[in-house]
>>> print(open('data_11.cif').read())   # mmCIF, C-alpha atoms
data_final
loop_
_atom_site.label_atom_id
_atom_site.label_comp_id
_atom_site.auth_asym_id
_atom_site.auth_seq_id
_atom_site.Cartn_x
_atom_site.Cartn_y
_atom_site.Cartn_z
CA MET A 25 83.27 -56.46 -5.24
CA SER A 26 84.59 -54.36 -2.38
CA THR A 27 82.95 -52.15 0.17
CA SER A 28 84.31 -49.28 2.22
CA ALA A 29 83.19 -47.86 5.53
CA SER A 30 81.51 -44.47 5.61
CA PRO A 31 83.87 -41.68 6.57
CA ARG A 32 83.68 -40.72 10.23
CA PRO A 33 82.13 -37.28 10.76
CA PRO A 34 84.35 -34.53 12.20
CA ALA A 35 84.80 -34.90 15.94
CA VAL A 36 84.03 -32.53 18.76
CA VAL A 37 87.47 -31.75 20.18
CA VAL A 38 87.78 -30.85 23.84
CA GLY A 39 90.91 -29.33 25.34
CA ILE A 40 91.54 -30.45 28.90
CA ASP A 41 94.12 -29.73 31.57
CA HIS A 42 94.75 -31.01 35.08
CA GLY A 43 92.78 -28.23 36.77
CA PRO A 44 89.76 -28.73 39.04
CA ARG A 45 87.33 -27.57 36.35
CA ALA A 46 88.48 -30.03 33.66
CA ASP A 47 85.61 -32.43 34.40
CA ARG A 48 83.05 -29.68 33.84
CA VAL A 49 84.50 -28.83 30.43
CA LEU A 50 84.66 -32.52 29.50
CA ASP A 51 81.05 -33.16 30.53
CA VAL A 52 79.82 -30.27 28.37
CA ALA A 53 81.82 -31.62 25.42
CA VAL A 54 80.33 -35.10 25.92
CA GLU A 55 76.81 -33.64 25.86
CA GLN A 56 77.62 -31.65 22.73
CA ALA A 57 79.01 -34.70 20.92
CA GLN A 58 75.91 -36.69 21.87
CA ARG A 59 73.58 -33.93 20.69
CA TRP A 60 75.36 -33.55 17.37
CA GLN A 61 75.95 -37.30 17.02
CA ARG A 62 79.67 -36.77 16.52
CA PRO A 63 82.77 -38.56 17.85
CA LEU A 64 84.61 -36.97 20.74
CA HIS A 65 88.36 -36.37 20.75
CA ILE A 66 90.03 -35.45 24.05
CA LEU A 67 93.21 -33.44 23.66
CA HIS A 68 95.66 -32.72 26.46
CA ALA A 69 98.62 -30.54 25.45
CA THR A 70 101.36 -29.17 27.68
CA ARG A 71 104.04 -26.76 26.59
CA ILE A 72 107.72 -27.49 27.18
CA GLY A 73 108.80 -25.60 30.29
CA LEU A 74 111.95 -25.26 32.32
CA VAL A 75 111.53 -28.64 34.01
CA PRO A 76 113.15 -31.40 31.91
CA TRP A 77 110.75 -33.92 30.43
CA THR A 78 111.09 -37.44 31.77
CA VAL A 79 109.35 -40.71 31.01
CA GLU A 80 107.51 -40.45 34.32
CA ARG A 81 106.29 -36.94 33.54
CA LEU A 82 105.08 -37.96 30.10
CA ARG A 83 103.19 -40.88 31.62
CA ALA A 84 101.62 -38.58 34.21
CA HIS A 85 100.32 -36.25 31.50
CA GLU A 86 99.02 -39.14 29.43
CA GLU A 87 97.25 -40.41 32.54
CA ILE A 88 95.33 -37.11 32.70
CA ALA A 89 94.03 -37.71 29.18
CA ARG A 90 93.28 -41.36 29.90
CA ARG A 91 91.23 -40.51 33.01
CA SER A 92 89.20 -38.04 30.96
CA TYR A 93 88.69 -40.75 28.35
CA GLU A 94 87.38 -43.16 30.96
CA ARG A 95 85.02 -40.52 32.37
CA ALA A 96 83.65 -39.78 28.88
CA VAL A 97 83.10 -43.49 28.11
CA GLN A 98 81.37 -43.96 31.44
CA LYS A 99 79.02 -41.04 30.82
CA ALA A 100 78.29 -41.98 27.19
CA PRO A 101 79.10 -45.63 26.37
CA GLU A 102 77.63 -45.28 22.89
CA LEU A 103 79.98 -42.42 21.98
CA VAL A 104 83.11 -42.95 19.89
CA VAL A 105 85.86 -41.44 22.05
CA THR A 106 89.58 -41.01 21.35
CA TYR A 107 92.27 -39.16 23.27
CA ALA A 108 95.81 -37.84 22.86
CA SER A 109 98.44 -36.22 25.03
CA GLN A 110 100.92 -33.91 23.28
CA VAL A 111 104.05 -32.04 24.31
CA GLU A 112 103.02 -28.80 22.64
CA ASP A 113 101.65 -25.41 23.51
CA PRO A 114 97.87 -25.86 23.95
CA SER A 115 96.90 -22.95 21.71
CA PRO A 116 98.50 -24.13 18.43
CA ALA A 117 97.62 -27.75 19.26
CA LEU A 118 93.92 -26.91 19.53
CA VAL A 119 93.99 -24.58 16.53
CA THR A 120 95.56 -27.35 14.45
CA ALA A 121 92.92 -29.80 15.67
CA SER A 122 90.21 -27.31 14.71
CA HIS A 123 91.06 -27.73 11.02
CA THR A 124 89.32 -31.11 10.99
CA ALA A 125 86.92 -30.70 13.93
CA SER A 126 83.23 -29.87 14.00
CA MET A 127 83.69 -27.87 17.20
CA VAL A 128 86.37 -27.15 19.81
CA VAL A 129 85.33 -27.00 23.46
CA VAL A 130 87.57 -25.18 25.96
CA GLY A 131 87.31 -23.76 29.46
CA ALA A 132 86.97 -20.04 30.00
CA GLY A 133 89.89 -19.70 32.40
CA GLY A 134 90.00 -16.96 34.99
CA HIS A 135 92.15 -14.37 36.69
CA GLY A 136 92.47 -15.67 40.22
CA PHE A 137 95.80 -17.49 39.86
CA PRO A 138 98.52 -17.94 37.21
CA ALA A 139 97.24 -21.24 35.84
CA SER A 140 93.85 -19.70 35.09
CA VAL A 141 95.45 -16.69 33.44
CA VAL A 142 97.34 -19.00 31.11
CA LEU A 143 94.18 -20.97 30.38
CA GLY A 144 92.31 -17.75 29.65
CA ALA A 145 95.01 -16.69 27.19
CA THR A 146 94.75 -20.09 25.50
CA THR A 147 90.99 -19.72 25.21
CA HIS A 148 91.31 -16.29 23.60
CA GLN A 149 93.88 -17.51 21.08
CA VAL A 150 91.85 -20.58 20.14
CA ALA A 151 88.65 -18.56 19.74
CA SER A 152 90.50 -16.04 17.55
CA HIS A 153 92.26 -18.52 15.23
CA ALA A 154 90.21 -21.73 15.15
CA ARG A 155 88.81 -22.94 11.83
CA CYS A 156 85.57 -24.22 13.38
CA PRO A 157 83.07 -23.05 16.02
CA VAL A 158 84.48 -22.73 19.55
CA MET A 159 82.41 -23.36 22.68
CA VAL A 160 83.77 -21.65 25.81
CA VAL A 161 82.58 -23.24 29.05
CA PRO A 162 82.32 -20.79 31.97
CA GLU A 163 84.00 -21.68 35.24
CA THR A 164 80.85 -21.60 37.33
CA GLY A 165 77.11 -21.37 36.98
CA GLU A 166 74.51 -23.44 35.22
CA TRP A 167 72.46 -22.60 32.16
CA PRO A 168 69.12 -24.01 30.98
CA LYS A 169 69.82 -26.72 28.40
CA ALA A 170 66.55 -25.91 26.65
CA GLY A 171 67.79 -22.45 25.68
CA PRO A 172 67.09 -19.91 24.50
CA VAL A 173 70.01 -19.66 22.06
CA VAL A 174 71.06 -16.04 21.48
CA VAL A 175 73.02 -15.01 18.37
CA GLY A 176 74.44 -11.59 17.55
CA VAL A 177 73.72 -10.53 13.97
CA ASP A 178 74.39 -7.62 11.64
CA ALA A 179 74.03 -6.92 7.94
CA ALA A 180 77.49 -8.22 7.04
CA GLU A 181 78.10 -11.52 5.29
CA HIS A 182 80.35 -12.78 8.08
CA SER A 183 77.37 -13.15 10.43
CA VAL A 184 75.81 -15.87 8.25
CA PRO A 185 77.87 -18.78 9.68
CA ALA A 186 77.01 -17.64 13.22
CA VAL A 187 73.29 -17.61 12.36
CA GLU A 188 73.53 -21.06 10.76
CA LEU A 189 75.31 -22.49 13.80
CA ALA A 190 72.85 -20.88 16.20
CA PHE A 191 69.91 -22.24 14.21
CA ALA A 192 71.37 -25.76 14.25
CA GLU A 193 72.10 -25.50 17.98
CA ALA A 194 68.60 -24.26 18.76
CA SER A 195 67.09 -27.06 16.67
CA SER A 196 69.15 -29.73 18.41
CA ARG A 197 68.07 -28.37 21.81
CA GLN A 198 64.47 -27.70 20.69
CA ALA A 199 65.02 -24.21 22.02
CA GLU A 200 64.00 -20.71 21.02
CA LEU A 201 66.40 -18.79 18.76
CA VAL A 202 66.82 -15.11 19.64
CA PRO A 203 68.72 -12.94 17.12
CA VAL A 204 70.14 -9.75 18.63
CA HIS A 205 71.28 -6.71 16.66
CA THR A 206 72.69 -3.75 18.58
CA TRP A 207 74.34 -0.44 17.77
CA TRP A 208 75.33 2.75 19.55
CA TRP A 209 75.11 6.44 18.82
CA ASP A 210 77.34 9.11 20.27
CA GLU A 211 75.59 12.43 20.80
CA PRO A 212 77.42 15.28 19.05
CA GLY A 213 79.48 17.32 21.45
CA PRO A 214 82.39 19.75 21.47
CA PHE A 215 84.90 16.94 20.97
CA LEU A 216 82.94 15.38 18.08
CA ALA A 217 81.40 18.32 16.25
CA GLY A 218 84.04 20.95 17.03
CA ALA A 219 83.64 24.17 18.96
CA GLU A 220 80.68 26.38 18.08
CA GLU A 221 81.45 29.37 15.93
CA THR A 222 81.14 32.82 17.52
CA ASP A 223 81.32 36.37 16.20
CA GLU A 224 82.85 37.69 19.37
CA TRP A 225 86.53 38.61 19.46
CA ALA A 226 88.56 38.56 22.57
#
>>> encode(input="data_11.cif", output="structure tokens")
Amino acid sequence: MSTSASPRPPAVVVGIDHGPRADRVLDVAVEQAQRWQRPLHILHATRIGLVPWTVERLRAHEEIARRSYERAVQKAPELVVTYASQVEDPSPALVTASHTASMVVVGAGGHGFPASVVLGATTHQVASHARCPVMVVPETGEWPKAGPVVVGVDAAEHSVPAVELAFAEASSRQAELVPVHTWWWDEPGPFLAGAEETDEWA
């Protein structure tokens, strides 16, 4: 007679960098993994640039991931935490990780300096191509953890997964769920309806 361990549920994957806001993104990912009762996987990926890669540089990048791992374990000792450091563009690395993840957590990035612009581009690419939900953590500001959770809906079938995720998130936070449906209407004008007809001749 043999027994096998239950398969581990899909992890919450968090993409980190060496920026000053990395701890904020990590802390949000830790809270999300705790709330969903999922493992946490910390992923640090750096593209190959003009500077040659050396053993020292690889160790320095792995140290970034290891420090994040230690912070996560300290904040949530009961959480199953793993980490990896990859020499790869962050966007495809996170998109690949999303294929087996329950959620990907990334920072929003910004526009104040080049590093933030790159991070913002990564966030956009991951949100556009990921195979799982993506949580984007803003650079600043706090939000009430009790909600409400707001979800945009329409009559199309593709809004169903968003509603399901929002419902699960609201339930886990014991928060109010607020569906929002919006539309717009352009008043007819000369550029939309065409010029009015007239019987007068010039």
>>> resolve_selection(input="data_11.cif", expression="the PyMOL selection byres ((chain A and resi 52-57) around 9)", output="list in words")
Ala35, Val36, Val37, Val38, Asp47, Arg48, Val49, Leu50, Asp51, Gln58, Arg59, Trp60, Gln61, Arg62, Pro63, Leu64, Ala96, Lys99, Ala100, Leu103, Val128, Val129, Val130, Met159 and Val161 of chain A
>>> resolve_selection(input="data_11.cif", expression="the PyMOL selection byres ((chain A and resi 207) around 12)", output="number ranges by chain")
A: 176-179, 204-206, 208-210
>>> closest_residue(input="data_11.cif", among="A:Glu112, A:Gly171, A:Ala132, A:Ala180", to="Leu201 (chain A)", atoms="only C-alpha atoms")
A:Gly171
>>> atom_distance(input="data_11.cif", atom1="CA of Glu166 (chain A)", atom2="CA of Ala194 (chain A)")
17.5 Å
>>> residues_around(input="data_11.cif", residues="Glu86 (chain A)", least_positions_apart="3", cutoff="6 Å", atoms="all atoms listed in the file", output="PyMOL selection string")
chain A and resi 83+89+109
>>> residues_around(input="data_11.cif", residues="Phe191 (chain A)", least_positions_apart="6", cutoff="10 Å", atoms="all atoms listed in the file", output="PDB file with C-alpha atoms, in the coordinates of the input")
ATOM      1  CA  VAL A 173      70.010 -19.660  22.060  1.00  0.00           C
ATOM      2  CA  VAL A 174      71.060 -16.040  21.480  1.00  0.00           C
ATOM      3  CA  VAL A 175      73.020 -15.010  18.370  1.00  0.00           C
ATOM      4  CA  PRO A 185      77.870 -18.780   9.680  1.00  0.00           C
ATOM      5  CA  ARG A 197      68.070 -28.370  21.810  1.00  0.00           C
ATOM      6  CA  ALA A 199      65.020 -24.210  22.020  1.00  0.00           C
ATOM      7  CA  GLU A 200      64.000 -20.710  21.020  1.00  0.00           C
ATOM      8  CA  LEU A 201      66.400 -18.790  18.760  1.00  0.00           C
ATOM      9  CA  VAL A 202      66.820 -15.110  19.640  1.00  0.00           C
ATOM     10  CA  PRO A 203      68.720 -12.940  17.120  1.00  0.00           C
TER      11      PRO A 203
END
>>> resolve_selection(input="data_11.cif", expression="the PyMOL selection byres ((chain A and resi 90) around 10)", output="list in words")
Ile66, His68, Ala84, His85, Glu86, Glu87, Ile88, Ala89, Arg91, Ser92, Tyr93, Glu94, Arg95, Ala96, Thr106, Tyr107, Ala108 and Ser109 of chain A
>>> write_last_selection(input="data_11.cif", atoms="C-alpha atoms", output="PDB file, in the coordinates of the input")
ATOM      1  CA  ILE A  66      90.030 -35.450  24.050  1.00  0.00           C
ATOM      2  CA  HIS A  68      95.660 -32.720  26.460  1.00  0.00           C
ATOM      3  CA  ALA A  84     101.620 -38.580  34.210  1.00  0.00           C
ATOM      4  CA  HIS A  85     100.320 -36.250  31.500  1.00  0.00           C
ATOM      5  CA  GLU A  86      99.020 -39.140  29.430  1.00  0.00           C
ATOM      6  CA  GLU A  87      97.250 -40.410  32.540  1.00  0.00           C
ATOM      7  CA  ILE A  88      95.330 -37.110  32.700  1.00  0.00           C
ATOM      8  CA  ALA A  89      94.030 -37.710  29.180  1.00  0.00           C
ATOM      9  CA  ARG A  91      91.230 -40.510  33.010  1.00  0.00           C
ATOM     10  CA  SER A  92      89.200 -38.040  30.960  1.00  0.00           C
ATOM     11  CA  TYR A  93      88.690 -40.750  28.350  1.00  0.00           C
ATOM     12  CA  GLU A  94      87.380 -43.160  30.960  1.00  0.00           C
ATOM     13  CA  ARG A  95      85.020 -40.520  32.370  1.00  0.00           C
ATOM     14  CA  ALA A  96      83.650 -39.780  28.880  1.00  0.00           C
ATOM     15  CA  THR A 106      89.580 -41.010  21.350  1.00  0.00           C
ATOM     16  CA  TYR A 107      92.270 -39.160  23.270  1.00  0.00           C
ATOM     17  CA  ALA A 108      95.810 -37.840  22.860  1.00  0.00           C
ATOM     18  CA  SER A 109      98.440 -36.220  25.030  1.00  0.00           C
TER      19      SER A 109
END
>>> closest_residue(input="data_11.cif", among="A:Val111, A:Val97, A:Ala151, A:Ala192", to="Leu82 (chain A)", atoms="all atoms listed in the file")
A:Val111
>>> atom_distance(input="data_11.cif", atom1="CA of Thr146 (chain A)", atom2="CA of Ile72 (chain A)")
15.0 Å
>>> closest_residue(input="data_11.cif", among="A:Gly165, A:Gly43, A:Gly131, A:Pro33", to="Ala145 (chain A)", atoms="all atoms listed in the file")
A:Gly131
>>> atom_distance(input="data_11.cif", atom1="CA of Arg71 (chain A)", atom2="CA of Thr164 (chain A)")
26.1 Å
>>> closest_residue(input="data_11.cif", among="A:Pro114, A:Pro162, A:Pro157, A:Gly39", to="Leu189 (chain A)", atoms="all atoms listed in the file")
A:Pro157
